[in-house]
Each structure stands twice: as C-alpha cells, then as structure tokens.
file input.txt (compact mmCIF, C-alpha atoms)
# COMPACT_ATOMS: atom_id res chain seq x y z
CA MET O 1 59.82 73.02 -124.55
CA LYS O 2 60.42 70.62 -127.40
CA SER O 3 64.12 71.38 -127.32
CA LEU O 4 64.36 70.06 -123.79
CA ARG O 5 63.05 66.62 -124.79
CA PHE O 6 66.59 65.29 -125.00
CA LEU O 7 66.81 65.72 -121.23
CA ILE O 8 64.20 63.01 -120.56
CA PRO O 9 66.61 60.03 -120.78
CA LEU O 10 69.09 61.97 -118.66
CA ALA O 11 66.42 62.56 -116.00
CA LEU O 12 65.45 58.88 -116.07
CA PHE O 13 69.07 57.89 -115.70
CA ALA O 14 69.51 60.28 -112.78
CA ALA O 15 66.45 58.85 -111.02
CA VAL O 16 67.68 55.26 -111.46
CA ALA O 17 71.18 56.27 -110.35
CA VAL O 18 69.82 57.88 -107.17
CA PHE O 19 67.85 54.74 -106.25
CA LEU O 20 70.76 52.44 -107.00
CA GLY O 21 73.05 54.71 -105.00
CA LEU O 22 70.70 54.58 -102.02
CA GLY O 23 70.54 50.80 -102.40
CA LEU O 24 74.32 50.58 -102.20
CA GLY O 25 74.20 52.24 -98.79
CA LEU O 26 71.80 49.66 -97.36
CA ASN O 27 73.05 46.60 -95.56
CA PRO O 28 70.99 43.63 -96.74
CA SER O 29 72.12 41.44 -93.86
CA GLU O 30 70.48 43.79 -91.39
CA VAL O 31 66.89 42.70 -91.11
CA PRO O 32 64.63 45.01 -89.11
CA SER O 33 63.46 43.16 -86.03
CA PRO O 34 59.72 42.90 -85.46
CA LEU O 35 60.50 42.79 -81.73
CA ILE O 36 61.31 46.51 -81.46
CA GLY O 37 58.59 48.16 -79.40
CA LYS O 38 57.20 44.80 -78.31
CA PRO O 39 57.65 42.96 -75.01
CA ALA O 40 60.79 40.88 -74.83
CA PRO O 41 59.98 37.18 -75.24
CA ALA O 42 59.48 35.23 -72.05
CA PHE O 43 62.37 33.05 -70.95
CA ALA O 44 63.48 31.03 -67.95
CA LEU O 45 67.10 30.09 -68.45
CA PRO O 46 69.83 28.66 -66.23
CA VAL O 47 72.63 31.02 -65.31
CA LEU O 48 76.18 30.13 -66.26
CA ALA O 49 77.94 29.29 -63.01
CA ASP O 50 81.40 30.81 -62.81
CA GLY O 51 83.14 28.29 -60.64
CA ALA O 52 80.98 27.56 -57.61
CA GLY O 53 77.29 28.27 -57.11
CA GLY O 54 74.12 26.51 -58.16
CA SER O 55 72.51 27.09 -61.52
CA GLN O 56 69.40 29.02 -60.62
CA ALA O 57 67.12 30.10 -63.42
CA LEU O 58 66.58 33.69 -64.47
CA ARG O 59 63.24 34.72 -65.92
CA ARG O 60 62.13 37.73 -67.90
CA GLU O 61 60.00 38.91 -64.97
CA ASP O 62 63.08 39.05 -62.71
CA LEU O 63 64.50 41.86 -64.82
CA LEU O 64 61.39 44.03 -64.99
CA GLY O 65 61.85 47.46 -63.46
CA LYS O 66 65.35 48.05 -64.74
CA VAL O 67 66.92 48.85 -68.06
CA TRP O 68 69.18 46.05 -69.23
CA MET O 69 71.22 45.02 -72.20
CA LEU O 70 71.27 41.52 -73.62
CA ASN O 71 74.43 40.55 -75.44
CA VAL O 72 74.19 37.30 -77.40
CA TRP O 73 77.55 35.60 -77.69
CA ALA O 74 79.31 32.25 -77.98
CA SER O 75 82.86 31.08 -77.50
CA TRP O 76 82.91 29.76 -81.08
CA CYS O 77 82.00 33.17 -82.47
CA ALA O 78 84.99 35.18 -83.69
CA PRO O 79 83.27 38.59 -84.01
CA CYS O 80 82.18 38.24 -80.35
CA ARG O 81 85.84 38.33 -79.39
CA GLU O 82 86.20 41.48 -81.49
CA GLU O 83 83.35 43.37 -79.78
CA HIS O 84 84.09 42.11 -76.28
CA PRO O 85 86.26 45.07 -75.19
CA LEU O 86 83.33 47.39 -75.97
CA VAL O 87 80.96 45.28 -73.89
CA ILE O 88 83.44 45.37 -71.01
CA ASP O 89 83.70 49.14 -71.45
CA ILE O 90 79.90 49.55 -71.28
CA ALA O 91 79.77 47.48 -68.11
CA GLN O 92 82.69 49.28 -66.48
CA ARG O 93 81.20 52.69 -67.17
CA LYS O 94 77.99 51.35 -65.59
CA LEU O 95 75.94 52.61 -68.51
CA VAL O 96 73.54 49.70 -68.14
CA ALA O 97 73.32 46.25 -66.56
CA VAL O 98 74.67 43.85 -69.16
CA TYR O 99 73.39 40.29 -69.34
CA GLY O 100 74.92 37.71 -71.60
CA LEU O 101 73.09 35.06 -73.58
CA ASN O 102 75.48 32.22 -74.23
CA TYR O 103 74.09 30.87 -77.49
CA LYS O 104 74.52 27.19 -78.44
CA ASP O 105 77.78 26.82 -76.56
CA LYS O 106 79.43 24.40 -74.17
CA PRO O 107 79.46 25.70 -70.55
CA ALA O 108 83.11 24.74 -70.07
CA ALA O 109 84.18 26.60 -73.22
CA ALA O 110 82.05 29.59 -72.23
CA THR O 111 83.54 29.90 -68.71
CA GLN O 112 87.03 29.51 -70.14
CA TRP O 113 86.31 32.27 -72.67
CA LEU O 114 85.08 34.65 -69.95
CA ARG O 115 88.04 33.88 -67.75
CA GLN O 116 90.39 34.66 -70.61
CA LEU O 117 88.73 37.81 -71.99
CA GLY O 118 87.01 39.20 -68.91
CA ASN O 119 83.43 38.89 -67.72
CA PRO O 120 81.35 42.05 -68.09
CA TYR O 121 78.04 40.27 -67.50
CA THR O 122 75.88 40.65 -64.42
CA ALA O 123 74.77 37.13 -65.29
CA THR O 124 75.10 34.92 -68.32
CA LEU O 125 72.02 33.03 -69.43
CA VAL O 126 72.64 29.64 -70.95
CA ASP O 127 70.76 28.91 -74.16
CA ALA O 128 72.17 25.51 -74.98
CA ASP O 129 69.70 24.50 -77.69
CA GLY O 130 69.24 27.96 -79.22
CA ARG O 131 65.52 28.06 -78.43
CA ALA O 132 65.67 31.37 -76.57
CA GLY O 133 67.79 32.69 -79.44
CA ILE O 134 64.99 31.86 -81.88
CA ASP O 135 62.48 33.59 -79.58
CA PHE O 136 64.65 36.71 -79.69
CA GLY O 137 64.94 36.41 -83.47
CA VAL O 138 68.70 35.86 -83.29
CA TYR O 139 70.20 34.91 -86.64
CA GLY O 140 73.77 36.10 -86.45
CA VAL O 141 75.82 36.07 -83.28
CA PRO O 142 76.75 38.51 -81.80
CA GLU O 143 73.55 40.45 -81.35
CA THR O 144 72.73 43.08 -78.78
CA PHE O 145 69.34 44.12 -77.41
CA ILE O 146 68.31 46.88 -75.02
CA ILE O 147 65.21 46.27 -72.94
CA ASP O 148 63.52 49.00 -70.92
CA ARG O 149 61.96 49.00 -67.45
CA GLN O 150 58.63 47.75 -68.78
CA GLY O 151 60.33 44.80 -70.48
CA ILE O 152 59.93 46.28 -73.97
CA VAL O 153 62.68 45.73 -76.54
CA ARG O 154 63.89 49.18 -77.58
CA PHE O 155 66.96 48.47 -79.68
CA LYS O 156 68.65 45.68 -81.55
CA HIS O 157 72.04 45.54 -83.17
CA VAL O 158 73.09 42.61 -85.35
CA GLY O 159 76.79 41.85 -85.61
CA PRO O 160 79.68 43.08 -83.51
CA LEU O 161 79.22 46.37 -81.70
CA ASN O 162 81.46 49.21 -82.76
CA ALA O 163 82.38 52.49 -81.10
CA GLY O 164 80.11 54.45 -83.44
CA VAL O 165 77.00 52.42 -82.61
CA VAL O 166 77.71 52.68 -78.89
CA ARG O 167 78.28 56.43 -79.07
CA ASP O 168 75.54 57.41 -81.53
CA LYS O 169 72.77 54.94 -80.75
CA ILE O 170 73.21 53.08 -77.48
CA GLU O 171 74.38 55.91 -75.22
CA PRO O 172 71.66 58.42 -76.25
CA LEU O 173 68.99 55.72 -75.95
CA LEU O 174 70.21 54.72 -72.49
CA LYS O 175 70.17 58.36 -71.44
CA THR O 176 66.49 58.68 -72.27
CA LEU O 177 65.58 55.25 -70.85
CA ASN O 178 67.44 55.86 -67.60
CA ALA O 179 65.92 59.30 -67.14
CA PRO O 180 63.78 59.27 -63.99
CA GLY O 181 60.03 59.35 -64.41
CA MET Z 182 87.03 15.12 -145.94
CA LEU Z 183 83.55 16.43 -145.32
CA LEU Z 184 82.41 13.01 -144.14
CA ALA Z 185 85.31 12.73 -141.71
CA ASP Z 186 84.49 16.17 -140.41
CA ARG Z 187 80.90 15.24 -139.75
CA THR Z 188 81.78 11.95 -138.03
CA CYS Z 189 84.16 13.85 -135.88
CA ARG Z 190 81.48 16.27 -134.85
CA TRP Z 191 79.02 13.49 -133.99
CA THR Z 192 81.59 11.66 -131.88
CA GLY Z 193 82.26 14.90 -130.06
CA LEU Z 194 78.57 15.42 -129.37
CA ALA Z 195 78.16 11.84 -128.12
CA LEU Z 196 81.16 12.28 -125.86
CA LEU Z 197 79.73 15.51 -124.47
CA ALA Z 198 76.36 13.87 -123.83
CA ALA Z 199 78.05 10.96 -122.07
CA CYS Z 200 80.04 13.36 -119.92
CA MET Z 201 76.91 15.24 -118.92
CA LEU Z 202 75.12 12.00 -118.08
CA VAL Z 203 78.00 10.87 -115.88
CA LEU Z 204 78.08 14.28 -114.19
CA ALA Z 205 74.34 14.26 -113.58
CA VAL Z 206 74.50 10.79 -112.03
CA ALA Z 207 77.48 11.79 -109.88
CA VAL Z 208 75.85 14.98 -108.67
CA ALA Z 209 72.38 13.56 -108.00
CA PRO Z 210 73.11 11.94 -104.61
CA ALA Z 211 74.68 15.13 -103.26
CA TRP Z 212 71.72 17.13 -104.44
CA ALA Z 213 69.24 14.68 -102.93
CA ARG Z 214 71.00 14.84 -99.57
CA GLU Z 215 69.98 18.48 -99.19
CA ALA Z 216 66.57 17.56 -97.90
CA ALA Z 217 67.31 14.47 -95.86
CA PRO Z 218 64.16 13.51 -93.98
CA ALA Z 219 64.71 13.48 -90.25
CA SER Z 220 61.55 11.77 -89.10
CA ALA Z 221 59.99 8.45 -89.95
CA ASP Z 222 56.65 9.95 -90.92
CA PRO Z 223 56.82 10.80 -94.63
CA ALA Z 224 53.54 12.73 -94.62
CA LEU Z 225 54.74 15.00 -91.80
CA GLU Z 226 58.12 15.34 -93.48
CA ALA Z 227 56.47 16.41 -96.72
CA ARG Z 228 54.57 19.14 -94.87
CA VAL Z 229 57.75 20.24 -93.08
CA MET Z 230 59.59 20.51 -96.38
CA ARG Z 231 56.75 22.31 -98.11
CA LEU Z 232 56.57 24.87 -95.33
CA SER Z 233 60.35 25.16 -95.10
CA ASN Z 234 60.40 26.02 -98.79
CA GLU Z 235 58.29 29.10 -97.99
CA LEU Z 236 60.74 30.39 -95.39
CA ARG Z 237 63.90 32.33 -96.02
CA CYS Z 238 67.06 31.42 -94.18
CA LEU Z 239 68.37 34.56 -92.47
CA VAL Z 240 71.97 33.43 -92.44
CA CYS Z 241 72.22 32.79 -96.19
CA GLN Z 242 69.47 35.01 -97.43
CA ASN Z 243 68.98 33.61 -100.88
CA GLU Z 244 68.22 30.13 -99.64
CA THR Z 245 65.14 28.66 -98.06
CA ILE Z 246 65.48 26.96 -94.71
CA ALA Z 247 64.70 23.76 -96.59
CA ALA Z 248 67.80 24.12 -98.77
CA SER Z 249 70.22 25.71 -96.34
CA HIS Z 250 72.84 23.87 -94.35
CA ALA Z 251 73.20 26.72 -91.86
CA ASP Z 252 72.86 25.79 -88.20
CA LEU Z 253 69.95 28.14 -87.72
CA ALA Z 254 68.12 26.66 -90.72
CA VAL Z 255 68.42 23.20 -89.19
CA ASP Z 256 67.08 24.53 -85.88
CA LEU Z 257 64.19 26.28 -87.61
CA ARG Z 258 63.34 23.15 -89.62
CA ASN Z 259 63.24 21.23 -86.35
CA GLN Z 260 61.01 23.93 -84.91
CA VAL Z 261 58.64 23.64 -87.88
CA ARG Z 262 58.59 19.86 -87.53
CA GLU Z 263 57.90 20.04 -83.81
CA MET Z 264 55.07 22.53 -84.19
CA LEU Z 265 53.40 20.51 -86.93
CA ARG Z 266 53.75 17.37 -84.87
CA GLU Z 267 52.03 19.14 -81.98
CA GLY Z 268 49.11 19.70 -84.33
CA LYS Z 269 49.69 23.39 -84.98
CA SER Z 270 48.43 24.68 -88.31
CA GLU Z 271 50.70 25.96 -91.06
CA ALA Z 272 49.43 29.48 -90.46
CA ASP Z 273 50.51 29.10 -86.81
CA VAL Z 274 54.02 28.17 -87.90
CA LEU Z 275 54.26 31.10 -90.32
CA ARG Z 276 53.01 33.46 -87.60
CA TYR Z 277 55.58 32.04 -85.17
CA MET Z 278 58.34 32.80 -87.67
CA THR Z 279 57.18 36.29 -88.65
CA ASP Z 280 56.69 37.23 -84.96
CA ARG Z 281 60.39 36.59 -84.46
CA TYR Z 282 62.03 37.42 -87.76
CA GLY Z 283 59.52 39.66 -89.53
CA ASP Z 284 57.89 39.39 -92.96
CA PHE Z 285 61.37 39.12 -94.40
CA VAL Z 286 61.38 35.35 -93.77
CA LEU Z 287 58.40 34.83 -96.05
CA TYR Z 288 59.33 34.13 -99.65
CA ARG Z 289 55.84 35.26 -100.57
CA PRO Z 290 55.42 38.51 -98.65
CA PRO Z 291 51.88 39.50 -97.65
CA LEU Z 292 50.07 42.28 -99.51
CA LYS Z 293 50.39 45.40 -97.34
CA SER Z 294 50.64 49.12 -97.91
CA THR Z 295 54.43 48.75 -97.85
CA THR Z 296 54.47 45.91 -100.36
CA VAL Z 297 51.97 47.23 -102.93
CA VAL Z 298 54.78 48.42 -105.21
CA LEU Z 299 56.45 45.02 -104.91
CA TRP Z 300 53.28 43.19 -105.88
CA TYR Z 301 51.84 45.47 -108.54
CA GLY Z 302 54.90 47.44 -109.68
CA PRO Z 303 55.91 45.03 -112.47
CA ALA Z 304 52.35 44.84 -113.83
CA ALA Z 305 52.06 48.63 -113.71
CA LEU Z 306 55.35 48.99 -115.60
CA LEU Z 307 54.12 46.53 -118.24
CA VAL Z 308 50.84 48.40 -118.70
CA LEU Z 309 52.68 51.73 -118.89
CA GLY Z 310 55.08 50.34 -121.46
CA LEU Z 311 52.29 48.91 -123.60
CA ALA Z 312 50.36 52.19 -123.37
CA GLY Z 313 53.47 54.10 -124.45
CA LEU Z 314 54.00 51.76 -127.39
CA TRP Z 315 50.33 52.06 -128.40
CA TRP Z 316 50.47 55.84 -128.24
CA MET Z 317 53.64 55.99 -130.31
CA LEU Z 318 52.31 53.61 -132.98
CA LEU Z 319 49.07 55.61 -133.23
CA ARG Z 320 51.05 58.82 -133.64
CA ARG Z 321 53.24 57.34 -136.36
CA ASN Z 322 50.23 55.95 -138.16
CA ARG Z 323 48.88 59.44 -138.56
CA LEU Z 324 52.11 60.84 -140.03
CA ALA Z 325 52.38 61.27 -143.77
CA ALA Z 326 54.55 58.74 -145.63
CA ASP Z 327 57.15 61.34 -146.62
CA GLN Z 328 57.94 62.03 -142.98
CA PHE Z 329 59.74 58.70 -142.79
CA GLU Z 330 63.17 57.93 -144.07
CA PRO Z 331 62.92 55.72 -147.16
CA ASP Z 332 63.53 51.99 -146.68
CA GLU Z 333 66.99 50.63 -147.38
CA PRO Z 334 67.13 49.65 -151.07
CA ALA Z 335 67.09 45.86 -151.48
CA PHE Z 336 70.17 44.19 -152.93
CA ASP Z 337 69.53 42.64 -156.36
CA PRO Z 338 72.14 39.99 -157.19
CA ALA Z 339 70.98 39.70 -160.85
CA HIS Z 340 72.12 43.20 -161.66
CA GLY Z 341 75.03 43.08 -159.35
CA ALA Z 342 74.00 46.47 -158.12
CA GLN Z 343 71.44 47.90 -155.77
CA ALA Z 344 67.93 47.98 -157.11
CA ASP Z 345 65.98 51.17 -157.13
CA ASP Z 346 64.07 52.05 -154.03
CA PRO Z 347 60.43 51.04 -154.73
CA GLN Z 348 59.14 53.94 -152.68
CA SER Z 349 60.89 56.59 -154.75
CA LYS Z 350 59.37 55.15 -157.95
CA ARG Z 351 55.91 55.83 -156.75
call {"tool": "encode", "arguments": {"input": "input.txt", "output": "structure tokens"}}
result
Amino acid sequence: MKSLRFLIPLALFAAVAVFLGLGLGLNPSEVPSPLIGKPAPAFALPVLADGAGGSQALRREDLLGKVWMLNVWASWCAPCREEHPLVIDIAQRKLVAVYGLNYKDKPAAATQWLRQLGNPYTATLVDADGRAGIDFGVYGVPETFIIDRQGIVRFKHVGPLNAGVVRDKIEPLLKTLNAPG
Amino acid sequence: MLLADRTCRWTGLALLAACMLVLAVAVAPAWAREAAPASADPALEARVMRLSNELRCLVCQNETIAASHADLAVDLRNQVREMLREGKSEADVLRYMTDRYGDFVLYRPPLKSTTVVLWYGPAALLVLGLAGLWWMLLRRNRLAADQFEPDEPAFDPAHGAQADDPQSKR
C-alpha cells in the first residue's frame, strides 16, 4: 500500500487534466438560454414589405398552433450571409415555416439583401430598435430559435447554422414536434 | 565616478516618473469617456452605472455592460435607464435581465445548488489545505530527531572552512 503512495500526484494530475480537457471542449460564447422550455416572448412587429404591400404587424399569438423557426439576421452581419444557403435549404425542403427577425437593420438594406441572396422567410419581422431581440435574449446575430405549436421555445442556436446542427439537432427535433398528436 | 553614476540613476528615475505622469494625464480622458452619462439626472445615472456594473456584457464576456462599447451593451444600458426611470426597482431590472439572458449576466451569481461549489469551493480548499498542513506538522513533531536529515552546516568565514554541524556534536 505504502509503495503506491507515489501514484497520488499522478492521480491528481490526471484528474486536473481530465477537467481541463473537458473545459477545452466547451464553447464559452455559447450561453444556455433561459428561454428554452418557456413561452416565447410576446411581440407585435411590423413585417418587412418586399416591394408592395402594407406593413401589417405580426404577433406571437398569430403563430400559435404551428411549429415555426425564427432566424435572427441583419444585412450588416457577415455570418448571416454564410448560413443563408442552409436557411434557404430548410425552407425549400419545407421542414418548418421559417420567419426572419431583421435585427437593428435598415429596411432598404434588408430588402436588397434578400433580393440578392434569396428570401426563404414566410415573413420577416422588423426589429428596428433591437427591443424584440433583447426579449428573445439575442446577443450575437445570427441566432435561430424553434418554437412549437404551444408557443414554447424548444431550441436555440447562437451563431451561424451549420450542416451538422441542422442534421443532428434541428431535423430530429422538428420530426418530434411535427408528429401528429 | 560613483557620484556620476548615482546622479545618472536619479535623472533616469525622474524622467521615468515624468513619462508616467504624462501618460496618465493623456490616458485619463479616454478612460473617463467609457462611462459617459447619457441623461441629465446624475442621481439616476449613478444608479444606472452601479447596476450596469453588476451585469455582464454577453458580446465581450469579460466586460460589464457599463464598460463595454458593444452595441448590445449600449442598448442594455438604455434599457436599465428606462426601467429605473419608470420607477422599477433594481431587483426588477436584474430579473428582467436574467429572464432573458440567464444567471450568466450576473457578475455575482446567486447561491443555488449548481453554484455551491463556486461559492464555497475556494473556502473548502483552503480549509482542506490548512488541515493537511496541520496534520503533517503534528506527525513530524512526533518523529524522533534522528529521523530528519541534519541541517546544512553553517559557513564560518573566520576559519575559511565549514563549521561543524551543531547537531552532530550533541
């Protein structure tokens, strides 16, 4: 027993190394959202008019009863450009109704951006002063939320979407949320 | 020669001090601008800044929203100011922030089952360390003197050689 005493520092080192190694794998910029499992915050926001059409408001209640995805973006946001093909892909495959939240942007720049890169959004909500963004706990555009039929936030992704997140997290979640009953 | 050396050193020190003074004066306005008051009411502004100093900026996570220049920090400061102006309490403002961004925004996280280690871990480590030290000293105290290696013999310059170890004489 006594002869094994020299192993104590080694064991301590191993324990510290394991914790530090786990810490390396964490992403400190990803803050768990307290909104998961809670009702989406109430909002009543004007819709970005693409060309003609009045700017009617869209409220949280209007979207109850269906699963929808909220994609927070802005024309000044470079990573939004990067993830945009994936958002278009999700909309084209009709996985879920995608709504945009145009965060602290100029309407003219936003419409121009959509015209140039394609518009996957059923509607784009305009959050000119960023107040709705704060209500959703947005701190780094782009961000993506999935809200279920009861209006509960089920998923949040901070930063640009990537194929892995869509395949491993979003698609399985949508499958369960869209299941009848 | 020695005198010149010393004068030289003192001039150098004075020069360094002067440089630091100039630097401090030059930097001070930039540093003061960090917390530019945005409303005419200094009492309200003081409360806004005090509360903002408790809140972490999520964009640049090692800064408070009082110190950060990030867009979101400015928005959140305005939100704090607006809520306080409406007569909301400071607890209301903190709840508003944690409802949206979680406990992570608080620089002083609340005591919960998940934060017990954070709050009491350092104290526990200190107590454990002191207990270990105490135990080891007690154990050594009970050992016989010949279990220790003799002290290093002291150097005696008068003899030009090392003096005898006092312990071995005994």
call {"tool": "residues_around", "arguments": {"input": "input.txt", "residues": "Z:Ala272", "least_positions_apart": "4", "cutoff": "12 Å", "atoms": "only C-alpha atoms", "output": "list in words"}}
result
Leu232, Glu235, Val261, Met264, Leu265, Gly268, Arg276, Tyr277, Met278, Thr279, Asp280 and Leu287 of chain Z
call {"tool": "interface_residues", "arguments": {"input": "input.txt", "of": "chain O", "to": "chain Z", "cutoff": "7 Å", "atoms": "all atoms listed in the file", "output": "mmCIF file with C-alpha atoms, in the frame of the given file"}}
result
data_model
loop_
_atom_site.group_PDB
_atom_site.id
_atom_site.type_symbol
_atom_site.label_atom_id
_atom_site.label_comp_id
_atom_site.auth_asym_id
_atom_site.auth_seq_id
_atom_site.Cartn_x
_atom_site.Cartn_y
_atom_site.Cartn_z
ATOM 1 C CA SER O 33 63.460 43.160 -86.030
ATOM 2 C CA PRO O 34 59.720 42.900 -85.460
ATOM 3 C CA LEU O 35 60.500 42.790 -81.730
ATOM 4 C CA ASP O 135 62.480 33.590 -79.580
ATOM 5 C CA PHE O 136 64.650 36.710 -79.690
ATOM 6 C CA GLY O 137 64.940 36.410 -83.470
ATOM 7 C CA TYR O 139 70.200 34.910 -86.640
ATOM 8 C CA GLY O 140 73.770 36.100 -86.450
#
call {"tool": "atom_distance", "arguments": {"input": "input.txt", "atom1": "atom CA of O:Val98", "atom2": "atom CA of O:Phe43"}}
result
16.5 Å
call {"tool": "residues_around", "arguments": {"input": "input.txt", "residues": "O:Tyr103", "least_positions_apart": "6", "cutoff": "6 Å", "atoms": "only C-alpha atoms", "output": "ChimeraX atom specification"}}
result
/O:73-74,127,130
call {"tool": "write_last_selection", "arguments": {"input": "input.txt", "atoms": "C-alpha atoms", "output": "PDB file, keeping the file's coordinate frame"}}
result
ATOM      1  CA  TRP O  73      77.550  35.600 -77.690  1.00  0.00           C
ATOM      2  CA  ALA O  74      79.310  32.250 -77.980  1.00  0.00           C
ATOM      3  CA  ASP O 127      70.760  28.910 -74.160  1.00  0.00           C
ATOM      4  CA  GLY O 130      69.240  27.960 -79.220  1.00  0.00           C
TER       5      GLY O 130
END
call {"tool": "axis_aligned_box", "arguments": {"input": "input.txt", "around": "stretch 273-286 of chain Z", "padding_each_side": "8 Å", "output": "JSON"}}
result
{"center_x": 56.3, "center_y": 33.9, "center_z": -89.4, "size_x": 27.5, "size_y": 27.5, "size_z": 25.9}
call {"tool": "atom_distance", "arguments": {"input": "input.txt", "atom1": "atom CA of O:Ala15", "atom2": "atom CA of Z:Leu314"}}
result
21.8 Å
call {"tool": "atom_distance", "arguments": {"input": "input.txt", "atom1": "atom CA of O:Pro39", "atom2": "atom CA of O:Gly151"}}
result
5.6 Å
call {"tool": "build_atoms", "arguments": {"input": "input.txt", "residues": "stretch 118-147 of chain O", "atoms": "N, CA and C atoms", "output": "PDB file, keeping the file's coordinate frame"}}
result
ATOM      1  N   GLY O 118      87.682  38.315 -69.858  1.00  0.00           N
ATOM      2  CA  GLY O 118      87.010  39.200 -68.910  1.00  0.00           C
ATOM      3  C   GLY O 118      85.517  39.007 -68.958  1.00  0.00           C
ATOM      4  N   ASN O 119      84.879  39.149 -67.796  1.00  0.00           N
ATOM      5  CA  ASN O 119      83.430  38.890 -67.720  1.00  0.00           C
ATOM      6  C   ASN O 119      82.684  40.170 -67.362  1.00  0.00           C
ATOM      7  N   PRO O 120      82.072  40.810 -68.352  1.00  0.00           N
ATOM      8  CA  PRO O 120      81.350  42.050 -68.090  1.00  0.00           C
ATOM      9  C   PRO O 120      79.899  41.809 -67.662  1.00  0.00           C
ATOM     10  N   TYR O 121      79.467  40.551 -67.638  1.00  0.00           N
ATOM     11  CA  TYR O 121      78.040  40.270 -67.500  1.00  0.00           C
ATOM     12  C   TYR O 121      77.611  40.163 -66.044  1.00  0.00           C
ATOM     13  N   THR O 122      76.499  40.813 -65.738  1.00  0.00           N
ATOM     14  CA  THR O 122      75.880  40.650 -64.420  1.00  0.00           C
ATOM     15  C   THR O 122      75.520  39.180 -64.228  1.00  0.00           C
ATOM     16  N   ALA O 123      75.014  38.576 -65.278  1.00  0.00           N
ATOM     17  CA  ALA O 123      74.770  37.130 -65.290  1.00  0.00           C
ATOM     18  C   ALA O 123      74.757  36.701 -66.743  1.00  0.00           C
ATOM     19  N   THR O 124      75.141  35.452 -66.962  1.00  0.00           N
ATOM     20  CA  THR O 124      75.100  34.920 -68.320  1.00  0.00           C
ATOM     21  C   THR O 124      74.054  33.821 -68.392  1.00  0.00           C
ATOM     22  N   LEU O 125      73.061  34.032 -69.243  1.00  0.00           N
ATOM     23  CA  LEU O 125      72.020  33.030 -69.430  1.00  0.00           C
ATOM     24  C   LEU O 125      72.520  31.975 -70.394  1.00  0.00           C
ATOM     25  N   VAL O 126      72.173  30.729 -70.105  1.00  0.00           N
ATOM     26  CA  VAL O 126      72.640  29.640 -70.950  1.00  0.00           C
ATOM     27  C   VAL O 126      71.508  29.185 -71.863  1.00  0.00           C
ATOM     28  N   ASP O 127      71.740  29.346 -73.167  1.00  0.00           N
ATOM     29  CA  ASP O 127      70.760  28.910 -74.160  1.00  0.00           C
ATOM     30  C   ASP O 127      71.405  27.793 -74.976  1.00  0.00           C
ATOM     31  N   ALA O 128      71.403  26.596 -74.387  1.00  0.00           N
ATOM     32  CA  ALA O 128      72.170  25.510 -74.980  1.00  0.00           C
ATOM     33  C   ALA O 128      71.602  25.063 -76.320  1.00  0.00           C
ATOM     34  N   ASP O 129      70.278  25.022 -76.442  1.00  0.00           N
ATOM     35  CA  ASP O 129      69.700  24.500 -77.690  1.00  0.00           C
ATOM     36  C   ASP O 129      69.293  25.607 -78.661  1.00  0.00           C
ATOM     37  N   GLY O 130      69.536  26.862 -78.295  1.00  0.00           N
ATOM     38  CA  GLY O 130      69.240  27.960 -79.220  1.00  0.00           C
ATOM     39  C   GLY O 130      67.782  28.342 -79.281  1.00  0.00           C
ATOM     40  N   ARG O 131      66.962  27.780 -78.372  1.00  0.00           N
ATOM     41  CA  ARG O 131      65.520  28.060 -78.430  1.00  0.00           C
ATOM     42  C   ARG O 131      65.209  29.504 -78.037  1.00  0.00           C
ATOM     43  N   ALA O 132      65.879  29.968 -76.978  1.00  0.00           N
ATOM     44  CA  ALA O 132      65.670  31.370 -76.570  1.00  0.00           C
ATOM     45  C   ALA O 132      66.175  32.303 -77.658  1.00  0.00           C
ATOM     46  N   GLY O 133      67.257  31.899 -78.325  1.00  0.00           N
ATOM     47  CA  GLY O 133      67.790  32.690 -79.440  1.00  0.00           C
ATOM     48  C   GLY O 133      66.744  32.862 -80.527  1.00  0.00           C
ATOM     49  N   ILE O 134      66.043  31.787 -80.856  1.00  0.00           N
ATOM     50  CA  ILE O 134      64.990  31.860 -81.880  1.00  0.00           C
ATOM     51  C   ILE O 134      63.884  32.800 -81.404  1.00  0.00           C
ATOM     52  N   ASP O 135      63.527  32.714 -80.100  1.00  0.00           N
ATOM     53  CA  ASP O 135      62.480  33.590 -79.580  1.00  0.00           C
ATOM     54  C   ASP O 135      62.869  35.056 -79.701  1.00  0.00           C
ATOM     55  N   PHE O 136      64.167  35.332 -79.553  1.00  0.00           N
ATOM     56  CA  PHE O 136      64.650  36.710 -79.690  1.00  0.00           C
ATOM     57  C   PHE O 136      64.924  37.060 -81.151  1.00  0.00           C
ATOM     58  N   GLY O 137      64.696  36.135 -82.057  1.00  0.00           N
ATOM     59  CA  GLY O 137      64.940  36.410 -83.470  1.00  0.00           C
ATOM     60  C   GLY O 137      66.426  36.525 -83.796  1.00  0.00           C
ATOM     61  N   VAL O 138      67.257  35.813 -83.050  1.00  0.00           N
ATOM     62  CA  VAL O 138      68.700  35.860 -83.290  1.00  0.00           C
ATOM     63  C   VAL O 138      69.022  35.062 -84.551  1.00  0.00           C
ATOM     64  N   TYR O 139      69.785  35.679 -85.463  1.00  0.00           N
ATOM     65  CA  TYR O 139      70.200  34.910 -86.640  1.00  0.00           C
ATOM     66  C   TYR O 139      71.675  35.071 -86.941  1.00  0.00           C
ATOM     67  N   GLY O 140      72.332  35.964 -86.238  1.00  0.00           N
ATOM     68  CA  GLY O 140      73.770  36.100 -86.450  1.00  0.00           C
ATOM     69  C   GLY O 140      74.398  36.561 -85.160  1.00  0.00           C
ATOM     70  N   VAL O 141      75.154  35.685 -84.516  1.00  0.00           N
ATOM     71  CA  VAL O 141      75.820  36.070 -83.280  1.00  0.00           C
ATOM     72  C   VAL O 141      77.043  36.910 -83.664  1.00  0.00           C
ATOM     73  N   PRO O 142      77.432  37.936 -82.973  1.00  0.00           N
ATOM     74  CA  PRO O 142      76.750  38.510 -81.800  1.00  0.00           C
ATOM     75  C   PRO O 142      75.586  39.418 -82.159  1.00  0.00           C
ATOM     76  N   GLU O 143      74.639  39.492 -81.230  1.00  0.00           N
ATOM     77  CA  GLU O 143      73.550  40.450 -81.350  1.00  0.00           C
ATOM     78  C   GLU O 143      73.357  41.116 -79.988  1.00  0.00           C
ATOM     79  N   THR O 144      72.888  42.337 -80.023  1.00  0.00           N
ATOM     80  CA  THR O 144      72.730  43.080 -78.780  1.00  0.00           C
ATOM     81  C   THR O 144      71.357  43.725 -78.727  1.00  0.00           C
ATOM     82  N   PHE O 145      70.665  43.543 -77.613  1.00  0.00           N
ATOM     83  CA  PHE O 145      69.340  44.120 -77.410  1.00  0.00           C
ATOM     84  C   PHE O 145      69.381  45.060 -76.214  1.00  0.00           C
ATOM     85  N   ILE O 146      68.511  46.072 -76.227  1.00  0.00           N
ATOM     86  CA  ILE O 146      68.310  46.880 -75.020  1.00  0.00           C
ATOM     87  C   ILE O 146      66.838  46.816 -74.671  1.00  0.00           C
ATOM     88  N   ILE O 147      66.585  46.464 -73.412  1.00  0.00           N
ATOM     89  CA  ILE O 147      65.210  46.270 -72.940  1.00  0.00           C
ATOM     90  C   ILE O 147      64.937  47.273 -71.823  1.00  0.00           C
TER      91      ILE O 147
END
